Every structure is written in C-alpha cells, then in structure tokens.
file input.csv (CSV, C-alpha atoms)
chain,number,residue,atom,x,y,z
X,175,MET,CA,6.7,-3.6,-24.6
X,176,LYS,CA,6.5,-2.9,-20.9
X,177,PRO,CA,8.9,-0.2,-19.6
X,178,LEU,CA,10.9,-2.5,-17.3
X,179,GLU,CA,11.3,-5.5,-19.7
X,180,ASP,CA,14.9,-6.9,-19.6
X,181,TYR,CA,15.5,-5.7,-16.0
X,182,LEU,CA,16.2,-8.5,-13.5
X,183,ILE,CA,15.2,-8.0,-9.9
X,184,VAL,CA,16.2,-10.3,-7.1
X,185,ASP,CA,13.8,-9.9,-4.1
X,186,PHE,CA,14.5,-11.2,-0.6
X,187,SER,CA,11.4,-9.4,0.8
X,188,GLN,CA,8.8,-11.1,3.0
X,189,PHE,CA,5.4,-10.2,4.2
X,190,LEU,CA,3.6,-7.3,2.6
X,191,SER,CA,6.4,-5.4,0.8
X,192,SER,CA,4.7,-4.5,-2.5
X,193,ALA,CA,7.6,-2.8,-4.3
X,194,SER,CA,8.6,-5.8,-6.4
X,195,LEU,CA,5.0,-6.5,-7.3
X,196,ARG,CA,4.7,-3.1,-8.9
X,197,LEU,CA,8.0,-3.4,-10.7
X,198,ALA,CA,6.9,-6.9,-12.0
X,199,ASP,CA,3.7,-5.3,-13.2
X,200,LEU,CA,5.8,-2.8,-15.2
X,201,GLY,CA,7.6,-5.6,-16.9
X,202,ALA,CA,10.6,-6.5,-14.7
X,203,ARG,CA,11.5,-10.1,-14.1
X,204,VAL,CA,11.3,-10.7,-10.4
X,205,ILE,CA,13.0,-13.7,-8.8
X,206,LYS,CA,11.8,-14.2,-5.2
X,207,ILE,CA,14.4,-15.7,-2.8
X,208,GLU,CA,12.8,-18.0,-0.3
X,209,LYS,CA,13.8,-20.3,2.5
X,210,PRO,CA,13.7,-24.0,1.6
X,211,GLY,CA,10.9,-25.9,3.3
X,212,THR,CA,8.9,-23.0,4.6
X,213,GLY,CA,9.4,-20.2,2.2
X,214,ASP,CA,8.1,-16.6,2.7
X,215,ILE,CA,6.3,-16.4,6.1
X,216,CYS,CA,3.6,-14.7,4.1
X,217,ARG,CA,2.6,-18.1,2.7
X,218,THR,CA,1.0,-18.8,6.0
X,219,LEU,CA,-0.1,-15.3,7.0
X,220,TYR,CA,-3.9,-15.7,6.9
X,221,THR,CA,-6.1,-12.5,7.1
X,222,SER,CA,-9.2,-14.7,7.1
X,223,ASP,CA,-10.0,-18.4,7.0
X,224,LEU,CA,-9.5,-18.4,3.2
X,225,ILE,CA,-7.0,-20.9,2.0
X,226,MET,CA,-6.1,-20.7,-1.7
X,227,ASN,CA,-4.3,-23.7,-3.2
X,228,GLY,CA,-2.9,-24.6,0.2
X,229,GLU,CA,-1.6,-21.1,1.1
X,230,SER,CA,-2.8,-17.7,2.2
X,231,SER,CA,-4.7,-15.3,0.0
X,232,VAL,CA,-2.2,-12.6,1.1
X,233,PHE,CA,0.7,-14.4,-0.5
X,234,HIS,CA,-1.1,-15.0,-3.7
X,235,THR,CA,-2.1,-11.4,-3.9
X,236,ILE,CA,1.3,-9.8,-3.5
X,237,ASN,CA,3.4,-12.4,-5.2
X,238,ARG,CA,1.7,-12.9,-8.6
X,239,ASN,CA,3.9,-12.5,-11.6
X,240,LYS,CA,7.1,-13.6,-9.8
X,241,GLU,CA,9.4,-16.6,-9.8
X,242,SER,CA,10.5,-18.5,-6.7
X,243,PHE,CA,14.1,-19.6,-6.0
X,244,ALA,CA,14.4,-21.6,-2.7
X,245,ILE,CA,17.9,-21.5,-1.4
X,246,ASP,CA,19.6,-21.7,2.1
X,247,PHE,CA,22.1,-18.9,1.6
X,248,LYS,CA,23.4,-19.3,5.1
X,249,GLN,CA,25.3,-22.3,3.8
X,250,PRO,CA,28.6,-21.1,2.2
X,251,SER,CA,28.2,-23.2,-0.9
X,252,GLU,CA,24.7,-22.0,-1.5
X,253,LEU,CA,25.7,-18.4,-0.8
X,254,GLU,CA,28.2,-18.6,-3.6
X,255,LYS,CA,25.5,-19.8,-6.0
X,256,LEU,CA,23.3,-16.9,-5.0
X,257,LYS,CA,26.1,-14.4,-5.6
X,258,LYS,CA,26.3,-15.6,-9.2
X,259,LEU,CA,22.6,-14.7,-9.6
X,260,LEU,CA,23.1,-11.4,-7.9
X,261,ALA,CA,26.0,-10.6,-10.2
X,262,LYS,CA,23.6,-10.5,-13.1
X,263,ALA,CA,20.8,-8.6,-11.4
X,264,ASP,CA,19.9,-5.0,-12.0
X,265,VAL,CA,18.1,-4.6,-8.6
X,266,VAL,CA,18.4,-6.4,-5.3
X,267,MET,CA,15.9,-5.6,-2.5
X,268,HIS,CA,15.1,-6.9,1.0
X,269,ASN,CA,13.2,-6.0,4.1
X,270,PHE,CA,15.2,-7.7,6.8
X,271,ARG,CA,16.0,-6.0,10.0
X,272,PRO,CA,19.2,-3.9,10.0
X,273,GLY,CA,22.3,-6.0,10.2
X,274,VAL,CA,20.9,-9.3,8.8
X,275,MET,CA,22.3,-8.9,5.2
X,276,GLU,CA,25.6,-7.7,6.6
X,277,ARG,CA,26.0,-10.8,8.7
X,278,VAL,CA,25.4,-13.2,5.8
X,279,GLY,CA,27.7,-11.2,3.5
X,280,LEU,CA,25.1,-9.6,1.2
X,281,SER,CA,25.1,-6.0,2.2
X,282,TYR,CA,25.2,-3.2,-0.3
X,283,ASP,CA,29.0,-3.0,0.0
X,284,ASP,CA,29.3,-6.8,-0.4
X,285,VAL,CA,27.2,-6.9,-3.5
X,286,LYS,CA,29.0,-3.9,-5.0
X,287,LYS,CA,32.2,-5.9,-5.1
X,288,PHE,CA,30.9,-8.2,-7.8
X,289,ASN,CA,28.2,-6.0,-9.2
X,290,PRO,CA,29.4,-2.4,-9.0
X,291,ASN,CA,26.4,-0.7,-10.6
X,292,ILE,CA,23.7,-2.6,-8.6
X,293,ILE,CA,20.6,-0.8,-7.4
X,294,TYR,CA,20.2,-2.0,-3.9
X,295,GLY,CA,16.9,-1.3,-2.1
X,296,GLU,CA,15.9,-2.0,1.4
X,297,ILE,CA,12.9,-1.4,3.6
X,298,SER,CA,13.4,-1.3,7.4
X,299,GLY,CA,10.9,-0.7,10.2
X,300,TYR,CA,12.6,2.3,11.7
X,301,GLY,CA,15.8,3.0,9.7
X,302,THR,CA,19.3,2.2,10.7
X,303,LYS,CA,19.9,5.1,13.1
X,304,SER,CA,16.7,5.2,15.2
X,305,GLU,CA,16.9,3.8,18.7
X,306,LEU,CA,13.8,1.8,17.7
X,307,ARG,CA,15.7,0.0,14.9
X,308,ASN,CA,15.6,-3.5,16.5
X,309,LEU,CA,11.8,-3.4,17.1
X,310,PRO,CA,9.6,-5.5,14.8
X,311,GLY,CA,8.6,-3.5,11.7
X,312,GLN,CA,4.9,-4.4,11.9
X,313,ASP,CA,2.1,-2.2,10.4
X,314,LEU,CA,-0.1,-1.8,13.5
X,315,LEU,CA,2.9,-1.0,15.6
X,316,LEU,CA,4.1,1.7,13.2
X,317,GLN,CA,0.6,3.2,12.9
X,318,SER,CA,0.5,3.4,16.7
X,319,LEU,CA,4.0,4.8,17.1
X,320,THR,CA,3.6,7.5,14.5
X,321,ALA,CA,0.3,9.0,15.8
X,322,LEU,CA,-1.7,7.8,12.8
X,323,THR,CA,-4.3,6.2,15.0
X,324,TRP,CA,-5.5,9.6,16.3
X,325,LEU,CA,-6.8,10.7,12.9
X,326,SER,CA,-9.5,8.1,12.3
X,327,GLY,CA,-12.7,7.5,14.3
X,328,ASN,CA,-14.6,10.0,16.4
X,329,GLN,CA,-13.3,12.1,19.3
X,330,GLU,CA,-14.4,9.7,22.1
X,331,ASP,CA,-13.2,6.5,20.3
X,332,GLY,CA,-9.6,6.5,21.5
X,333,PRO,CA,-6.9,5.6,19.0
X,334,VAL,CA,-8.3,3.9,15.8
X,335,PRO,CA,-6.0,2.1,13.3
X,336,MET,CA,-6.8,2.1,9.6
X,337,GLY,CA,-8.4,-1.0,8.3
X,338,LEU,CA,-5.5,-1.8,5.9
X,339,SER,CA,-1.8,-2.5,6.3
X,340,ILE,CA,-1.3,1.1,5.0
X,341,VAL,CA,2.3,1.6,6.3
X,342,ASP,CA,3.5,-1.6,4.6
X,343,MET,CA,1.9,-0.4,1.3
X,344,LEU,CA,3.2,3.1,1.5
X,345,ALA,CA,6.8,1.9,2.3
X,346,GLY,CA,6.6,-0.5,-0.7
X,347,ALA,CA,5.4,2.3,-3.0
X,348,HIS,CA,8.2,4.6,-1.8
X,349,LEU,CA,10.8,1.9,-2.4
X,350,ALA,CA,9.5,1.3,-5.9
X,351,GLN,CA,9.7,5.1,-6.6
X,352,GLY,CA,13.3,5.3,-5.3
X,353,ILE,CA,14.3,2.2,-7.4
X,354,LEU,CA,12.8,3.7,-10.5
X,355,ALA,CA,14.6,7.0,-10.0
X,356,ALA,CA,17.9,5.1,-9.4
X,357,LEU,CA,17.3,3.0,-12.5
X,358,TYR,CA,16.9,6.2,-14.6
X,359,ARG,CA,20.2,7.5,-13.2
X,360,LYS,CA,21.8,4.2,-13.9
X,361,ALA,CA,20.6,4.3,-17.5
X,362,THR,CA,21.8,7.8,-18.1
X,363,HIS,CA,25.0,7.9,-16.0
X,364,ASN,CA,25.8,4.2,-15.4
X,365,ILE,CA,25.9,4.7,-11.6
X,366,GLY,CA,24.4,2.3,-9.0
X,367,ALA,CA,22.6,3.3,-5.8
X,368,MET,CA,21.6,2.3,-2.4
X,369,VAL,CA,17.9,3.1,-1.9
X,370,GLN,CA,16.6,3.1,1.7
X,371,VAL,CA,13.1,3.4,3.0
X,372,SER,CA,11.7,3.0,6.5
X,373,MET,CA,8.2,2.3,7.5
X,374,LEU,CA,8.6,5.0,10.2
X,375,GLU,CA,9.4,7.7,7.6
X,376,SER,CA,6.8,6.5,5.2
X,377,SER,CA,4.2,6.9,7.9
X,378,PHE,CA,5.4,10.4,8.7
X,379,ASP,CA,5.3,11.3,5.0
X,380,PHE,CA,1.7,10.0,4.7
X,381,GLN,CA,0.8,12.6,7.3
X,382,PHE,CA,2.6,15.5,5.7
X,383,GLU,CA,-0.6,17.6,5.8
X,384,THR,CA,-1.5,17.1,9.4
X,385,ILE,CA,2.2,17.3,10.7
X,386,THR,CA,2.7,20.6,8.8
X,387,THR,CA,-0.4,21.9,10.4
X,388,PHE,CA,0.7,20.8,13.9
X,389,PHE,CA,4.1,22.5,13.6
X,390,ASN,CA,2.6,25.8,12.3
X,391,ASP,CA,-0.4,25.9,14.6
X,392,GLY,CA,1.3,26.3,17.9
X,393,GLY,CA,1.7,22.6,18.5
X,394,GLU,CA,-2.0,22.0,18.9
X,395,LEU,CA,-3.0,18.3,18.7
X,396,PRO,CA,-5.5,17.4,16.0
X,397,VAL,CA,-9.0,17.1,17.4
X,398,ARG,CA,-11.5,14.7,15.7
X,399,THR,CA,-15.1,15.7,15.6
X,400,LYS,CA,-17.4,14.1,18.2
X,401,SER,CA,-19.4,12.4,15.4
X,402,ASN,CA,-19.1,11.7,11.7
X,403,ASN,CA,-15.4,12.4,11.7
X,404,ALA,CA,-13.5,11.9,8.4
X,405,HIS,CA,-10.6,14.4,8.8
X,406,ALA,CA,-9.3,15.9,12.0
X,407,TYR,CA,-8.5,19.2,10.3
X,408,LEU,CA,-11.5,19.8,8.1
X,409,GLY,CA,-14.8,21.4,9.3
X,410,ALA,CA,-18.4,20.5,8.7
X,411,PRO,CA,-19.9,18.9,6.7
X,412,TYR,CA,-16.9,16.7,6.0
X,413,GLY,CA,-17.9,13.2,7.0
X,414,ILE,CA,-20.1,10.2,6.4
X,415,TYR,CA,-23.8,10.3,7.5
X,416,LYS,CA,-26.4,7.7,8.0
X,417,THR,CA,-29.5,8.0,5.8
X,418,LYS,CA,-32.9,6.3,5.9
X,419,ASN,CA,-31.5,3.3,3.9
X,420,GLY,CA,-27.7,3.6,3.9
X,421,TYR,CA,-25.0,6.2,4.2
X,422,LEU,CA,-24.0,9.4,2.4
X,423,ALA,CA,-20.5,11.0,2.2
X,424,LEU,CA,-20.2,14.7,2.2
X,425,ALA,CA,-16.9,16.6,1.4
X,426,MET,CA,-16.3,20.3,1.7
X,427,GLY,CA,-19.3,22.6,1.1
X,428,SER,CA,-21.0,25.8,2.1
X,429,ILE,CA,-23.4,25.4,5.0
X,430,PRO,CA,-25.8,28.0,3.9
X,431,VAL,CA,-26.0,26.4,0.5
X,432,LEU,CA,-26.6,23.0,2.1
X,433,ALA,CA,-29.3,24.5,4.3
X,434,SER,CA,-31.1,25.7,1.3
X,435,LEU,CA,-30.7,22.5,-0.8
X,436,LEU,CA,-31.6,20.1,2.0
X,437,LYS,CA,-34.4,22.3,3.3
X,438,CYS,CA,-32.8,22.2,6.7
X,439,ASP,CA,-33.9,25.3,8.6
X,440,ALA,CA,-31.8,24.4,11.6
X,441,LEU,CA,-28.7,25.0,9.6
X,442,LEU,CA,-29.7,28.6,8.8
X,443,GLN,CA,-28.3,29.8,12.1
X,444,PHE,CA,-24.8,29.1,10.7
X,445,PRO,CA,-24.1,31.8,8.1
X,446,GLU,CA,-20.4,31.0,8.3
X,447,ASN,CA,-18.8,27.6,8.3
X,448,LYS,CA,-16.5,28.2,11.3
X,449,PHE,CA,-14.2,25.3,12.3
X,450,GLY,CA,-15.3,25.6,16.0
X,451,LEU,CA,-18.9,25.0,15.0
X,452,ARG,CA,-18.4,21.8,13.2
X,453,ASP,CA,-19.8,19.5,16.0
X,454,GLU,CA,-23.0,21.5,16.2
X,455,ILE,CA,-23.4,21.5,12.4
X,456,LYS,CA,-22.7,17.8,12.0
X,457,ASN,CA,-25.2,16.9,14.7
X,458,ILE,CA,-27.9,18.8,12.8
X,459,LEU,CA,-26.9,17.2,9.5
X,460,ALA,CA,-26.8,13.7,11.0
X,461,GLU,CA,-30.3,14.0,12.3
X,462,HIS,CA,-31.7,15.6,9.2
X,463,LEU,CA,-30.2,13.2,6.6
X,464,GLN,CA,-31.8,10.2,8.3
X,465,THR,CA,-35.2,11.4,7.2
X,466,GLN,CA,-34.7,10.4,3.5
X,467,ASP,CA,-33.0,7.7,1.4
X,468,THR,CA,-29.5,8.2,0.1
X,469,GLU,CA,-30.7,8.4,-3.5
X,470,PHE,CA,-33.1,11.2,-2.5
X,471,TRP,CA,-30.3,13.3,-1.2
X,472,LEU,CA,-28.0,12.5,-4.2
X,473,ASN,CA,-30.6,13.6,-6.6
X,474,ILE,CA,-30.6,17.0,-4.9
X,475,LEU,CA,-26.9,17.5,-4.2
X,476,GLU,CA,-25.3,16.1,-7.4
X,477,PRO,CA,-27.0,18.5,-9.8
X,478,ALA,CA,-26.0,21.3,-7.6
X,479,ASP,CA,-22.4,20.3,-7.9
X,480,ILE,CA,-22.1,19.5,-4.2
X,481,TRP,CA,-19.3,17.0,-3.5
X,482,CYS,CA,-21.0,13.9,-2.3
X,483,ALA,CA,-21.2,10.1,-2.8
X,484,LYS,CA,-23.1,7.1,-1.7
X,485,VAL,CA,-21.1,4.7,0.5
X,486,LEU,CA,-20.6,1.3,-1.0
X,487,ASN,CA,-19.5,-2.1,0.3
X,488,TYR,CA,-17.6,-4.5,-2.0
X,489,GLN,CA,-20.8,-6.2,-3.2
X,490,GLN,CA,-22.3,-2.9,-4.3
X,491,LEU,CA,-19.0,-1.5,-5.7
X,492,PHE,CA,-18.3,-4.5,-8.0
X,493,ALA,CA,-21.8,-4.3,-9.4
X,494,GLU,CA,-21.4,-0.7,-10.4
X,495,ASP,CA,-20.8,0.1,-14.1
X,496,GLY,CA,-18.2,2.6,-13.0
X,497,PHE,CA,-16.1,-0.2,-11.6
X,498,LYS,CA,-16.7,-2.7,-14.5
X,499,VAL,CA,-15.6,-0.3,-17.2
X,500,LEU,CA,-12.1,-0.1,-15.5
X,501,GLU,CA,-11.4,-3.8,-16.1
X,502,PHE,CA,-9.5,-3.7,-12.8
X,503,THR,CA,-9.5,-7.4,-12.1
X,504,GLN,CA,-7.6,-10.1,-13.8
X,505,GLN,CA,-7.5,-13.9,-13.7
X,506,VAL,CA,-4.1,-15.4,-13.1
X,507,GLU,CA,-3.0,-19.0,-13.2
X,508,MET,CA,-0.3,-20.9,-11.2
X,509,LEU,CA,2.0,-23.5,-12.7
X,510,ASP,CA,-0.2,-26.3,-11.4
X,511,GLY,CA,-3.3,-24.9,-13.1
X,512,TYR,CA,-4.9,-23.3,-10.0
X,513,SER,CA,-6.4,-19.9,-11.1
X,514,TYR,CA,-7.7,-17.0,-9.1
X,515,ILE,CA,-9.1,-13.5,-9.5
X,516,THR,CA,-7.1,-10.5,-8.3
X,517,THR,CA,-6.4,-6.9,-9.1
X,518,ARG,CA,-4.2,-5.5,-11.9
X,519,CYS,CA,-1.6,-2.8,-12.0
X,520,PRO,CA,-3.3,0.6,-11.5
X,521,ILE,CA,-0.8,2.4,-13.8
X,522,LYS,CA,-1.5,3.1,-17.5
X,523,ILE,CA,1.2,4.2,-20.0
X,524,ASP,CA,0.2,5.5,-23.4
X,525,GLY,CA,-3.3,4.3,-22.5
X,526,GLU,CA,-2.2,0.8,-22.1
X,527,ILE,CA,-3.3,-1.4,-19.2
X,528,PHE,CA,-0.7,-3.7,-17.8
X,529,THR,CA,-1.9,-7.2,-17.0
X,530,SER,CA,-0.3,-10.7,-16.7
X,531,THR,CA,-1.9,-14.1,-16.5
X,532,LYS,CA,1.0,-15.4,-14.3
X,533,GLY,CA,0.0,-16.3,-10.8
X,534,SER,CA,2.1,-16.7,-7.6
X,535,PRO,CA,4.8,-19.3,-7.6
X,536,LYS,CA,5.0,-22.5,-5.7
X,537,LEU,CA,7.9,-22.6,-3.4
X,538,GLY,CA,11.1,-23.3,-5.4
X,539,GLN,CA,9.3,-24.0,-8.6
X,540,ASP,CA,11.8,-22.1,-10.7
X,541,ASN,CA,15.0,-23.4,-9.1
X,542,GLU,CA,16.0,-25.7,-12.0
X,543,ARG,CA,15.6,-23.0,-14.6
X,544,ILE,CA,17.3,-20.2,-12.6
X,545,ILE,CA,20.3,-22.5,-11.8
X,546,LYS,CA,20.7,-23.4,-15.4
X,547,GLU,CA,20.3,-19.8,-16.7
X,548,PHE,CA,22.4,-17.9,-14.1
X,549,ILE,CA,24.5,-20.2,-12.0
X,550,ASP,CA,25.7,-23.2,-14.1
X,551,CYS,CA,26.2,-21.3,-17.3

call {"tool": "encode", "arguments": {"input": "input.csv", "output": "structure tokens"}}
result
Amino acid sequence: MKPLEDYLIVDFSQFLSSASLRLADLGARVIKIEKPGTGDICRTLYTSDLIMNGESSVFHTINRNKESFAIDFKQPSELEKLKKLLAKADVVMHNFRPGVMERVGLSYDDVKKFNPNIIYGEISGYGTKSELRNLPGQDLLLQSLTALTWLSGNQEDGPVPMGLSIVDMLAGAHLAQGILAALYRKATHNIGAMVQVSMLESSFDFQFETITTFFNDGGELPVRTKSNNAHAYLGAPYGIYKTKNGYLALAMGSIPVLASLLKCDALLQFPENKFGLRDEIKNILAEHLQTQDTEFWLNILEPADIWCAKVLNYQQLFAEDGFKVLEFTQQVEMLDGYSYITTRCPIKIDGEIFTSTKGSPKLGQDNERIIKEFIDC
C-alpha cells in the first residue's frame, strides 16, 4: 500500500509545478483541472521539436499518473459542479497569480466554507506581499532576479542560468513538503491548513549556503574562478577539467597530495590550499590534466580516496551499470495505448520502489467518471 492511497488531490496547476506529480507517485489520486478546448498550457510547451502523441514531452513527463477533468469554472453552473468535487477533496492546489482564485470564488476562505478541513496549497511567483507579485512567475526570470545566475559559469562569463527549470522544481518540492506536513497534522488533529510557497523564496532557500556566507563575510559578493568554476565559495581544485579524451570532475582535496599523486611538480609551490590562490592552482591543473586520458587519472585518484568522477553525457550515463541497477526508468501507457519511457519516483519506503504504468491523460478523458463519482451522486 502506498502511503497516500485514499487521499484525493484536486490540482489546478499549470506548467512545471511538480508537487502533485510527487504526491501521485506516493499513492494519492490526483485530478487535474483543465480548461476545455486547450487544457494546460504545458500541453503545447515544447522544449525541443519532440512531439509525443500530439503534445509536448514536458506535459507527458510531469502529468503521468493523473486524471484530467476539463471544466470551464468561470461559468456559474460549472463552478457549482466543481465545488461538489472540491468538497470531497483532501487537498486543493494551484499556481495562479495572486487574486485569480479569489475572483472566481475558490480562495482558501471560499473552499473552507464547504470543506472546513481542506489542505489548500498554492505556489506563486513572488508571494502575495512582494511589490513584484504581479510579474510573471517564470523560471529564468526568477533565477535572474534572485542572483542565482552569478554562481554558475566562469568569472568573465557574465550571468549564467542553470540548464534546468530549477526554481520551478524547487518550489514544487517545497509545496509537496508543506502539504505532507499539513496532512500529518490533519490526520493527528483534524485541522486543515493553507500552505503557501513562492518561487522567489524557494530560490532564496536554494542559496542558503551562499547567502549566509554573504551576510557574514562583510557583504562581499561571490566571485567565480576565472576558469573551471563549479562553486563560487570553494577553492581549488573544485571544478571540471578537460583531459586528453574527455573531462574529469575534482571536488575538495589537498593540493600537496594532488601534486604528488598526479606527479605535477608545478603544484609543489602551493603547500597550503589558500582560497586566494585558486585561479593559479586551477590553471596549472587544467594544463596538466590534458596530458592523459580521464581513465588514467581516475586509476590514480580513486584508489587514493580522492573525490573525483568522470563527466558523462546521457548516452554514457544510461549505459553505466550504476544507472541500470537503479531501475530508474519506467514505461507508462496512455488511455489510447500510446506508451513512453520516463523516470520514476526517487523515493523508497521500506525498500520499496514506487512505480505506476499510468501515463498522462488526454484532455478531459476522465470527465464522465468524475462527474458520476463526485458530482451526480
């Protein structure tokens, strides 16, 4: 039995809000509310030219294991139908801009009137009080506004965004955490809750290490190394280096020890790994490591317990036995028989891996069953 079986979640979220996906993975029944005709905008949000069964790969990835209920709740009669569904839900969540749910009559206070113990979760871009609250809550914009783009890349690169919609994913994870905490309190004390997360605060929390350093280091801005940067606040050798046939990642390590292991005499002038010397050290390492293949260096460093790794692309990664043993992919199937490969839930409980063969829903495919089960009963 999955931990959240018998819990009903009604999800208004669009785009990349991943909270309901994780809760569905853990056993919850998730009914996705969509606009008739067009559905979630994410259905046509293409990150490449890949079209899967007529829709974007992004939609299929983040909406597997869910049901779709298409309803125009701006119409009074349809809104009343929707309220009957919400009255039987354990959790309601959305990621509309502040004020949208209030205008249609589905705010937390509105839903509490007919479902007093509801867990009501919402993700906003900037919170309800920030002067930025009406700006679009888009990942790249949040990375830029929260200084995250000054941590990746090298010193002369200018701001560099991360290669994933990381703020979307973090905010979704935070909302799932808050909802799980609220469900525990509901189970023990029969009290509902309003769970609020903003992308702005999630991005700040992501940087807790660097922000704490900034405030306690005289307000000095983080400075990336001129080359091979991987962390603005860590000294050499921390970074990724080109080798003769690929790349090698080096984490923290003693420079004198590395000098000896790598037979790099030029490093012997650095008896201490001082932060201010990191550019000089990295330049020497970068030149020296290009003289041999990645495997040559790994065969020296790994037995000496130096923290290092080869740098893989997807083709190389998925061919590794270390990946295969995880059984981290699963094949899911849509109602019309279309199947595709995607990732599974990363959480194990009592050693059990949580999988599901249920793919993403076609727009409105579950309307008839949901109406019969929750509205016309």

call {"tool": "closest_residue", "arguments": {"input": "input.csv", "among": "X:Asn227, X:Leu509, X:Pro177, X:Asp284", "to": "X:Asp540", "atoms": "all atoms listed in the file"}}
result
X:Leu509

call {"tool": "residues_around", "arguments": {"input": "input.csv", "residues": "stretch 334-336 of chain X", "least_positions_apart": "2", "cutoff": "7 Å", "atoms": "only C-alpha atoms", "output": "PyMOL selection string"}}
result
chain X and resi 317+323-324+326-327+332+338

call {"tool": "atom_distance", "arguments": {"input": "input.csv", "atom1": "atom CA of X:Gln505", "atom2": "atom CA of X:Ser231"}}
result
14.1 Å

call {"tool": "residues_around", "arguments": {"input": "input.csv", "residues": "X:Ile458", "least_positions_apart": "2", "cutoff": "12 Å", "atoms": "all atoms listed in the file", "output": "PyMOL selection string"}}
result
chain X and resi 401-402+410-411+415+429+432-433+436+438-444+451-456+460-465

call {"tool": "write_last_selection", "arguments": {"input": "input.csv", "atoms": "C-alpha atoms", "output": "JSON list (two decimals), in the coordinates of the input"}}
result
[["chain", "number", "residue", "atom", "x", "y", "z"],
["X", 401, "SER", "CA", -19.40, 12.40, 15.40],
["X", 402, "ASN", "CA", -19.10, 11.70, 11.70],
["X", 410, "ALA", "CA", -18.40, 20.50, 8.70],
["X", 411, "PRO", "CA", -19.90, 18.90, 6.70],
["X", 415, "TYR", "CA", -23.80, 10.30, 7.50],
["X", 429, "ILE", "CA", -23.40, 25.40, 5.00],
["X", 432, "LEU", "CA", -26.60, 23.00, 2.10],
["X", 433, "ALA", "CA", -29.30, 24.50, 4.30],
["X", 436, "LEU", "CA", -31.60, 20.10, 2.00],
["X", 438, "CYS", "CA", -32.80, 22.20, 6.70],
["X", 439, "ASP", "CA", -33.90, 25.30, 8.60],
["X", 440, "ALA", "CA", -31.80, 24.40, 11.60],
["X", 441, "LEU", "CA", -28.70, 25.00, 9.60],
["X", 442, "LEU", "CA", -29.70, 28.60, 8.80],
["X", 443, "GLN", "CA", -28.30, 29.80, 12.10],
["X", 444, "PHE", "CA", -24.80, 29.10, 10.70],
["X", 451, "LEU", "CA", -18.90, 25.00, 15.00],
["X", 452, "ARG", "CA", -18.40, 21.80, 13.20],
["X", 453, "ASP", "CA", -19.80, 19.50, 16.00],
["X", 454, "GLU", "CA", -23.00, 21.50, 16.20],
["X", 455, "ILE", "CA", -23.40, 21.50, 12.40],
["X", 456, "LYS", "CA", -22.70, 17.80, 12.00],
["X", 460, "ALA", "CA", -26.80, 13.70, 11.00],
["X", 461, "GLU", "CA", -30.30, 14.00, 12.30],
["X", 462, "HIS", "CA", -31.70, 15.60, 9.20],
["X", 463, "LEU", "CA", -30.20, 13.20, 6.60],
["X", 464, "GLN", "CA", -31.80, 10.20, 8.30],
["X", 465, "THR", "CA", -35.20, 11.40, 7.20]]

call {"tool": "residues_around", "arguments": {"input": "input.csv", "residues": "stretch 363-380 of chain X", "least_positions_apart": "4", "cutoff": "9 Å", "atoms": "only C-alpha atoms", "output": "VMD selection string"}}
result
chain X and resid 267 282 286 290 to 302 311 to 313 316 to 317 319 to 322 340 to 342 344 to 346 348 to 349 352 to 353 356 to 359 385

call {"tool": "closest_residue", "arguments": {"input": "input.csv", "among": "X:Gln466, X:Gln489, X:Asn541, X:Thr503", "to": "X:Ile245", "atoms": "all atoms listed in the file"}}
result
X:Asn541

call {"tool": "atom_distance", "arguments": {"input": "input.csv", "atom1": "atom CA of X:Gln539", "atom2": "atom CA of X:Leu200"}}
result
22.5 Å

call {"tool": "closest_residue", "arguments": {"input": "input.csv", "among": "X:Ile480, X:Ser534, X:Phe497, X:Asp550", "to": "X:Ala198", "atoms": "only C-alpha atoms"}}
result
X:Ser534

call {"tool": "atom_distance", "arguments": {"input": "input.csv", "atom1": "atom CA of X:Tyr412", "atom2": "atom CA of X:Lys498"}}
result
28.2 Å

call {"tool": "closest_residue", "arguments": {"input": "input.csv", "among": "X:Tyr181, X:Phe382, X:Phe186, X:Tyr220", "to": "X:Leu354", "atoms": "all atoms listed in the file"}}
result
X:Tyr181

call {"tool": "residues_around", "arguments": {"input": "input.csv", "residues": "X:Leu475", "least_positions_apart": "3", "cutoff": "12 Å", "atoms": "only C-alpha atoms", "output": "list in words"}}
result
Leu422, Ala423, Leu424, Ala425, Gly427, Ser428, Val431, Leu432, Ala433, Ser434, Leu435, Leu436, Lys437, Thr468, Glu469, Phe470, Trp471, Leu472, Ala478, Asp479, Ile480, Trp481, Cys482, Ala483 and Lys484 of chain X

call {"tool": "write_last_selection", "arguments": {"input": "input.csv", "atoms": "C-alpha atoms", "output": "mmCIF file, in the coordinates of the input"}}
result
data_model
loop_
_atom_site.group_PDB
_atom_site.id
_atom_site.type_symbol
_atom_site.label_atom_id
_atom_site.label_comp_id
_atom_site.auth_asym_id
_atom_site.auth_seq_id
_atom_site.Cartn_x
_atom_site.Cartn_y
_atom_site.Cartn_z
ATOM 1 C CA LEU X 422 -24.000 9.400 2.400
ATOM 2 C CA ALA X 423 -20.500 11.000 2.200
ATOM 3 C CA LEU X 424 -20.200 14.700 2.200
ATOM 4 C CA ALA X 425 -16.900 16.600 1.400
ATOM 5 C CA GLY X 427 -19.300 22.600 1.100
ATOM 6 C CA SER X 428 -21.000 25.800 2.100
ATOM 7 C CA VAL X 431 -26.000 26.400 0.500
ATOM 8 C CA LEU X 432 -26.600 23.000 2.100
ATOM 9 C CA ALA X 433 -29.300 24.500 4.300
ATOM 10 C CA SER X 434 -31.100 25.700 1.300
ATOM 11 C CA LEU X 435 -30.700 22.500 -0.800
ATOM 12 C CA LEU X 436 -31.600 20.100 2.000
ATOM 13 C CA LYS X 437 -34.400 22.300 3.300
ATOM 14 C CA THR X 468 -29.500 8.200 0.100
ATOM 15 C CA GLU X 469 -30.700 8.400 -3.500
ATOM 16 C CA PHE X 470 -33.100 11.200 -2.500
ATOM 17 C CA TRP X 471 -30.300 13.300 -1.200
ATOM 18 C CA LEU X 472 -28.000 12.500 -4.200
ATOM 19 C CA ALA X 478 -26.000 21.300 -7.600
ATOM 20 C CA ASP X 479 -22.400 20.300 -7.900
ATOM 21 C CA ILE X 480 -22.100 19.500 -4.200
ATOM 22 C CA TRP X 481 -19.300 17.000 -3.500
ATOM 23 C CA CYS X 482 -21.000 13.900 -2.300
ATOM 24 C CA ALA X 483 -21.200 10.100 -2.800
ATOM 25 C CA LYS X 484 -23.100 7.100 -1.700
#

call {"tool": "residues_around", "arguments": {"input": "input.csv", "residues": "X:Leu500", "least_positions_apart": "3", "cutoff": "12 Å", "atoms": "all atoms listed in the file", "output": "ChimeraX atom specification"}}
result
/X:492,494-497,503-504,517-522,526-527

call {"tool": "closest_residue", "arguments": {"input": "input.csv", "among": "X:Asp214, X:Ser230, X:Leu314, X:Gly525", "to": "X:Gly337", "atoms": "all atoms listed in the file"}}
result
X:Leu314
